[in-house]
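So the structure is just underneath, and the comments pick up after that.
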Amino acid sequence: MPANSSKSINDSDAVATEDSPSLRQRISSKIHHTRPRENVGARTPPTVFHTKDASEIEAELHTDLSTGLSSSDVSRLRNEHGPNTLPEPERTSVPAMFMHQIFDFMVLLLVASAVLSAIFEDIKSSIVLLVVVVINVTIGFTQEFKAERALTNLLASRIAQQKATVLRDGRNTDIPSSELVPGDIVLLEEGDQVPADIRLAEASHFQIDEAVLTGESVPADKKIKPIKKELVPLGDRNNMAYLMTMVARGRAKGIVVATGTNTEVGKNSKAIMAKSGRKKTNLQAKLSWLGKWLVLVAIVLCALFTLIGYLRGFPLKEMIETGVSLAVSVIPEGLVAVTTVTMALGVQRLAKRQAIVRKLPAVEVLGAVSIICSDKTGTLTEGKMKVDQIWFATKSEEGRVIYVEGPGNIPEGSICSDKECKQPLTSPFDEGLNKLLTACALCNNASVTRATPQQEQQGRRRSSVFRRASISPSDPKGKAKAIEPKETDRLLPRKSISAQPEQRRRSIWGGNSSTPAPEEEWEAIGTPTEVALQVLAMKAGMGKDVLTNGHNHTHNPAHTHEHGKGAQWHFIRDLPFDSERKRMSVVYKGPEGEGVIFAKGALEFLMPLCTTWSCEGQQEAALGEQDKERIAKQAQTMAAQGMRVLAVAYRKGGDLFAKVDDSSEDENLDEEMEHDLCFIGLVGLMDPPRTQVAGCIETCHNAGISVCMITGDHPSTALCIAKQLKLIPEETTEDQALGNSSVSDDASSPPPSNPGGALMIVGTDVDQMTDEQLAALEPFPNVFARASPDAKLRIVKALQIREKIVAFIGDGVNDAASIKHADVGVAMGRTGTDLSQQSADIILSDDNFEHIVTAVEEGRRTYDNIFKFTIYLLSCNSAEIFVMLGATAFNIPMPFTSIQILFANIIADVPPSLSLGVEPVEKDVMERHPRNPKQAFFRWRHALAVVLQGMSMSVLCLAAFVSALHFENYPIETARCLGFVMLVMIQLWHAFLSRSFSISVFRTGIIGNKWMIGAFFLSSACLIGGMYIPGLNNTLDLIPLSLIDWGKIAGAVFVHTIIVETIKIFIRWRHHKKGNYHTTKENV
């Protein structure tokens, strides 16, 4: 797909301009009914704890950082604020599931028809109608119950009582997190899940993974200083820790400032719970409308039939009874059951592709989706950091780039000299790459190991974040002295590892503990960045275990480097990563007994410590200013590609051993160790797009579906991913993408028309817009960066105001409200949080974005098939009605008995309709534009086609009946049997003609749907059995027919085929005349 073909959200719309009154009026009227217009100035966060100093909050909440709350204060505050729990998700009880199925309008209509049939002593018809009702309710209930049970099983293993370590009455104690109250002093350490919203007061090397809340794939550095600005995105509030986020590194102490529904996650929960009840889908509403229309038709026909019969002298009571039976026959009793079965079969097909559908109608809604809004991290991207490129300095200006193939969390793949990885590098490597890989392996606290069989059974629930307090994996005895950051005012009380119960975390696969893992499971312990660096070294056979112990966890002889054979590296001590230092250093004793310090970190913090650089990995040369500018330029180039860039350096020296003596208390140890370093190279890491996503987005564009990326990540990162996914043209700069997205401070100003043509808008701009301004943006942006959960929800609502059918895909807490309010909410099964999955209509259990495209295709197929068998059923039922009306109008004896009509409805309605429900997907289904949600399900041309097709069947049937009765002197029983069999055979053949509304049967064929062939022979066998089986034929008022009669039936089928094909020619001509045949594709 060309770069300039990235699709705008407005491409499927008619062209709208700033001055378009219809767009403005529609938006204004919908805003009036959905959300009152707000002033921009009113958009300020309700809590501003991040702007206050910790001492101010300490005084405000009447707590003490050194002793915590007293027991009496806790009791009072718990009564005041309630438990620290979130609202229970909306659960549908078993009786409620049944009632929801029963109170569907079409079901109630069938029940009413059954009651009327019973009143007029047509017991057989009443029983059949009630059986249809029972089948429909049972299937609908079973499917919803199974989906809810599947979700419960998915979440059950993750529901555990979380513990929190608090300081109360001067003592550290572990309590259930539900007992936390505002003012509690909480201690956090690596591996903990944050139990409430907390203002940090002390921090030591502290980082938090906030992906579930902000969408950022890299853990956020935390500090304790207040932030002056009030309107700051959650991701930039670096002195706050929020509920459900994960501590990735370090230790901290903080004050609980919000619990339960007052937390940021709680606000999302309240927004979700605010959407109560069930909203009818587009198809449900249209089928309900069709049912009401059929009721009106039934009443009119009943009255007309009764009046005509009475005027012709028939007894009034007999006419009323027959009229009611005729009115009941208007209702296609198979419609409801077949619709339910068709959607249930769609659900089963999706289940085989790892998509759990919680609500049956969601399958059909997917077919109408016009825009897919998706979170970035963990949805469009893998949600895992991966080393993408390595850069070394050479004598040439460009330097040397090494590319890395394979996943970022599994040691599978190659290190290559070319981007396509046609030339993988093998050991022994050149000196420069060897040094860098050694540094990545040793200057690293992460561990990546293959799980043992016991761990594969039990270890899938282990944490992917190493809970180490102050103990480093490279220093298992904990002897090394931890260096406290300058921001820490007090020594934090340390918790023992045994004090906190084992918490269940995401596995290396980024999934939940209940997610099945591949056959060869790997476990990662550490931050995403360090895991990626360790995996890089392991791909070269130079993992930490290889270098220090000679162990090759990959069990691959090709992954054994010469460093793992014999000589080993011995850890001495480390200087941990620090949010102010922005770097980490370790000292090792090398294989030859020499001391070596390895360092990695942000270029701007590591470069000032380097005095030399390794050019082409060999000789060390003095590092001049021009050289530094060259390195900085390369780092900017890599950063512009969306990478997180780390610099790597080293130094050898015997003096290192004396300076890192365990007894040393020198606070300037980092200055004595980290100097005169030699720069090795740059490492570029990124959270890469999922491999199948770009192709899926192109498929969506071809299907007329826009894709919008909404992320909490930085604009530069969002832009890079958007370019790779072809959401924004490759040549677009960040300034061009942002355009002129500024908003007037005057809320009364007219909505902006996006004059700068911004393809990307930042969340702070969204926060300053009113709903009317947001919905009226033209063109509507494809990418939203730094979007808060509230901004995501408002974007979804704005698109719905623009009359879009919105699907939202996400995995985090920050996505839950948007998932709930979208027309179709989709959550990830592995990486998805409980809240997002409980809010979703569909769950992708294997996190494969490709399956959402498959689901859209399945949704379109489902809608097409429902439309096909609706046309078929109405045509067949109308034929029966026209036969009865014609006979009454022309004073002809009744062509059918009531038992024959009932038998026809059983064999000619249900099997063919079910076979149409499983009609294979049409080849061009993903080349159409989405159907217009305002477009009627059953329009005048459909009604005309139904009437003409029904008239064709009825005229042929009546003609055969009258000819046999009056011209061929058949007994009335034989004439009725001939007319009845002719009508049924025409209807059975009509199922093949109904495989497409407008495409000729000579193109669709008759063998493409094996189920239909089976249904045809099954119904034909039932019909023939009813004619020739003694006893049964008497019950059905049928008798055997001659070969001549069967010849007449075959001729009638042929004539009906010609008539239907002529109708289709006219339909195609009308489409071509309008010029929209190939764009709207109404040839379902």
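Numbering starts fresh at 1 for the residues of each chain in the structure tokens, the chains themselves are lettered A, B, ... in the order given, and ligands are numbered from 1 as they appear.
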(request) Write out as a VMD selection string which residues come within 7 Å of A:Leu188 when counting only C-alpha atoms, dropping same-chain ones fewer than 4 positions away. (result) chain A and resid 192 251 to 253
Save the residues we just selected, N, CA, C and O atoms, as a PDB file, in the first residue's frame?
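Okay, this is what ended up in again-v2.pdb:
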```
ATOM      1  N   ASP A 192       5.542  -5.163  43.254  1.00  0.00           N
ATOM      2  CA  ASP A 192       4.245  -4.893  43.869  1.00  0.00           C
ATOM      3  C   ASP A 192       3.282  -4.287  42.853  1.00  0.00           C
ATOM      4  O   ASP A 192       3.677  -3.550  41.955  1.00  0.00           O
ATOM      5  N   ARG A 251      12.290   1.100  45.350  1.00  0.00           N
ATOM      6  CA  ARG A 251      11.433   1.140  46.527  1.00  0.00           C
ATOM      7  C   ARG A 251      10.914   2.551  46.724  1.00  0.00           C
ATOM      8  O   ARG A 251      11.528   3.519  46.278  1.00  0.00           O
ATOM      9  N   ALA A 252       9.761   2.652  47.403  1.00  0.00           N
ATOM     10  CA  ALA A 252       9.184   3.969  47.649  1.00  0.00           C
ATOM     11  C   ALA A 252       8.247   3.909  48.839  1.00  0.00           C
ATOM     12  O   ALA A 252       7.792   2.836  49.263  1.00  0.00           O
ATOM     13  N   LYS A 253       8.003   5.089  49.387  1.00  0.00           N
ATOM     14  CA  LYS A 253       7.011   5.261  50.439  1.00  0.00           C
ATOM     15  C   LYS A 253       6.096   6.395  49.994  1.00  0.00           C
ATOM     16  O   LYS A 253       6.550   7.392  49.421  1.00  0.00           O
TER      17      LYS A 253
END
```
For stretch 357-451 of chain A versus stretch 678-694 of chain A, which residues have an atom no more than 8 Å away, and what is each residue's nearest atom pair and distance in Å rounded to one decimal, using only C-alpha atoms, chain-then-number order, as CSV?
```
residue,atom,partner,partner_atom,distance
A:Thr377,CA,A:Asp687,CA,7.7
A:Thr379,CA,A:Arg690,CA,8.0
A:Leu380,CA,A:Pro689,CA,5.7
A:Thr381,CA,A:Pro689,CA,3.8
A:Glu382,CA,A:Arg690,CA,5.4
A:Gly383,CA,A:Asp687,CA,6.0
A:Lys384,CA,A:Asp687,CA,5.5
A:Met385,CA,A:Asp687,CA,4.6
A:Lys386,CA,A:Leu685,CA,5.3
A:Val387,CA,A:Leu685,CA,4.3
A:Asp388,CA,A:Leu685,CA,5.5
A:Gln389,CA,A:Gly684,CA,5.1
A:Ile390,CA,A:Val683,CA,4.7
A:Trp391,CA,A:Leu682,CA,5.0
A:Phe392,CA,A:Gly681,CA,4.8
A:Ala393,CA,A:Gly681,CA,6.8
A:Gly432,CA,A:Ile680,CA,6.8
A:Lys435,CA,A:Ile680,CA,7.4
A:Leu436,CA,A:Ile680,CA,6.4
```
Keeping only N, CA and C atoms, write the selected residues to a file as a tab-separated table (two decimals), in the first residue's frame.
```tsv
chain	number	residue	atom	x	y	z
A	377	THR	N	-0.24	0.40	22.69
A	377	THR	CA	0.63	-0.52	23.42
A	377	THR	C	-0.11	-1.81	23.76
A	379	THR	N	-1.71	-3.69	21.81
A	379	THR	CA	-2.80	-3.96	20.89
A	379	THR	C	-2.29	-3.91	19.45
A	380	LEU	N	-1.88	-2.72	19.02
A	380	LEU	CA	-1.25	-2.60	17.72
A	380	LEU	C	0.22	-3.01	17.78
A	381	THR	N	0.81	-2.83	18.95
A	381	THR	CA	2.21	-3.24	19.15
A	381	THR	C	2.23	-4.47	20.05
A	382	GLU	N	3.42	-5.06	20.19
A	382	GLU	CA	3.54	-6.29	20.98
A	382	GLU	C	3.46	-6.04	22.47
A	383	GLY	N	3.67	-4.79	22.90
A	383	GLY	CA	3.66	-4.51	24.33
A	383	GLY	C	4.92	-4.98	25.03
A	384	LYS	N	5.97	-5.27	24.25
A	384	LYS	CA	7.24	-5.74	24.81
A	384	LYS	C	8.35	-4.99	24.10
A	385	MET	N	9.37	-4.61	24.85
A	385	MET	CA	10.52	-3.93	24.25
A	385	MET	C	11.38	-4.93	23.48
A	386	LYS	N	11.96	-4.45	22.38
A	386	LYS	CA	12.81	-5.29	21.53
A	386	LYS	C	13.97	-4.45	21.01
A	387	VAL	N	15.15	-5.02	21.03
A	387	VAL	CA	16.29	-4.33	20.42
A	387	VAL	C	16.12	-4.42	18.91
A	388	ASP	N	16.09	-3.27	18.27
A	388	ASP	CA	15.86	-3.24	16.83
A	388	ASP	C	17.16	-2.98	16.05
A	389	GLN	N	17.99	-2.06	16.58
A	389	GLN	CA	19.22	-1.71	15.87
A	389	GLN	C	20.36	-1.49	16.86
A	390	ILE	N	21.58	-1.72	16.37
A	390	ILE	CA	22.81	-1.41	17.11
A	390	ILE	C	23.67	-0.56	16.18
A	391	TRP	N	24.25	0.48	16.74
A	391	TRP	CA	25.09	1.38	15.91
A	391	TRP	C	26.49	1.47	16.50
A	392	PHE	N	27.50	1.34	15.62
A	392	PHE	CA	28.90	1.50	16.00
A	392	PHE	C	29.51	2.63	15.17
A	393	ALA	N	30.45	3.29	15.76
A	393	ALA	CA	31.19	4.32	15.03
A	393	ALA	C	32.21	3.66	14.11
A	432	GLY	N	34.14	-4.91	18.50
A	432	GLY	CA	33.17	-3.91	18.92
A	432	GLY	C	31.85	-4.53	19.31
A	435	LYS	N	32.18	-6.50	22.61
A	435	LYS	CA	32.15	-5.65	23.81
A	435	LYS	C	30.73	-5.21	24.14
A	436	LEU	N	29.99	-4.79	23.10
A	436	LEU	CA	28.64	-4.29	23.36
A	436	LEU	C	27.73	-5.39	23.89
```
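If only C-alpha atoms are the atoms counted, then among A:Phe992, A:Asn1009, A:Phe784, A:Val853 the closest residue to A:Pro920 is A:Asn1009.
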(request) Just the strand (DSSP E) stuff from stretch 165-275 of chain A, please, per backbone DSSP, written as number ranges by chain. (result) A: 165-168, 171-176, 185-189, 197-209, 220-221, 240-241, 246-258
(message) Could you list, as a ChimeraX atom specification, every residue within 9 Å of A:Arg976, counting only C-alpha atoms and ignoring same-chain residues fewer than 2 positions away?
(response) /A:894-897,961,964-965,971-974,978-981,1037-1038
Selection above as a file: C-alpha atoms, as a short mmCIF file (atom, residue, chain, number, x, y, z; two decimals), in the first residue's frame:
```cif
data_model
loop_
_atom_site.label_atom_id
_atom_site.label_comp_id
_atom_site.auth_asym_id
_atom_site.auth_seq_id
_atom_site.Cartn_x
_atom_site.Cartn_y
_atom_site.Cartn_z
CA MET A 894 -59.32 -23.41 -0.78
CA PRO A 895 -56.19 -24.82 -2.52
CA PHE A 896 -54.64 -26.04 0.76
CA THR A 897 -55.84 -27.49 4.00
CA PHE A 961 -54.72 -26.03 -9.13
CA ALA A 964 -56.37 -29.56 -12.70
CA LEU A 965 -59.70 -28.94 -11.00
CA PRO A 971 -60.58 -34.72 -7.86
CA ILE A 972 -60.17 -31.80 -5.49
CA GLU A 973 -57.83 -33.86 -3.27
CA THR A 974 -55.51 -34.57 -6.22
CA LEU A 978 -50.61 -31.01 -7.13
CA GLY A 979 -50.82 -27.34 -6.16
CA PHE A 980 -49.28 -27.99 -2.78
CA VAL A 981 -46.34 -30.07 -4.08
CA ASP A 1037 -54.11 -34.89 2.99
CA LEU A 1038 -51.61 -35.89 0.30
#
```
(request) Assign secondary structure with DSSP using the backbone only, and return the residues of stretch 670-779 of chain A in helix (DSSP H, G or I) as a ChimeraX atom specification. (result) /A:670-673,693-702,715-724,734-738,763-768,771-775
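Here atom CA of A:Ala220 stands at a distance of 19.8 Å from atom CA of A:Ile721.
Of note, atom CA of A:Asp236 and atom CA of A:Ile819 are spaced 23.9 Å apart.
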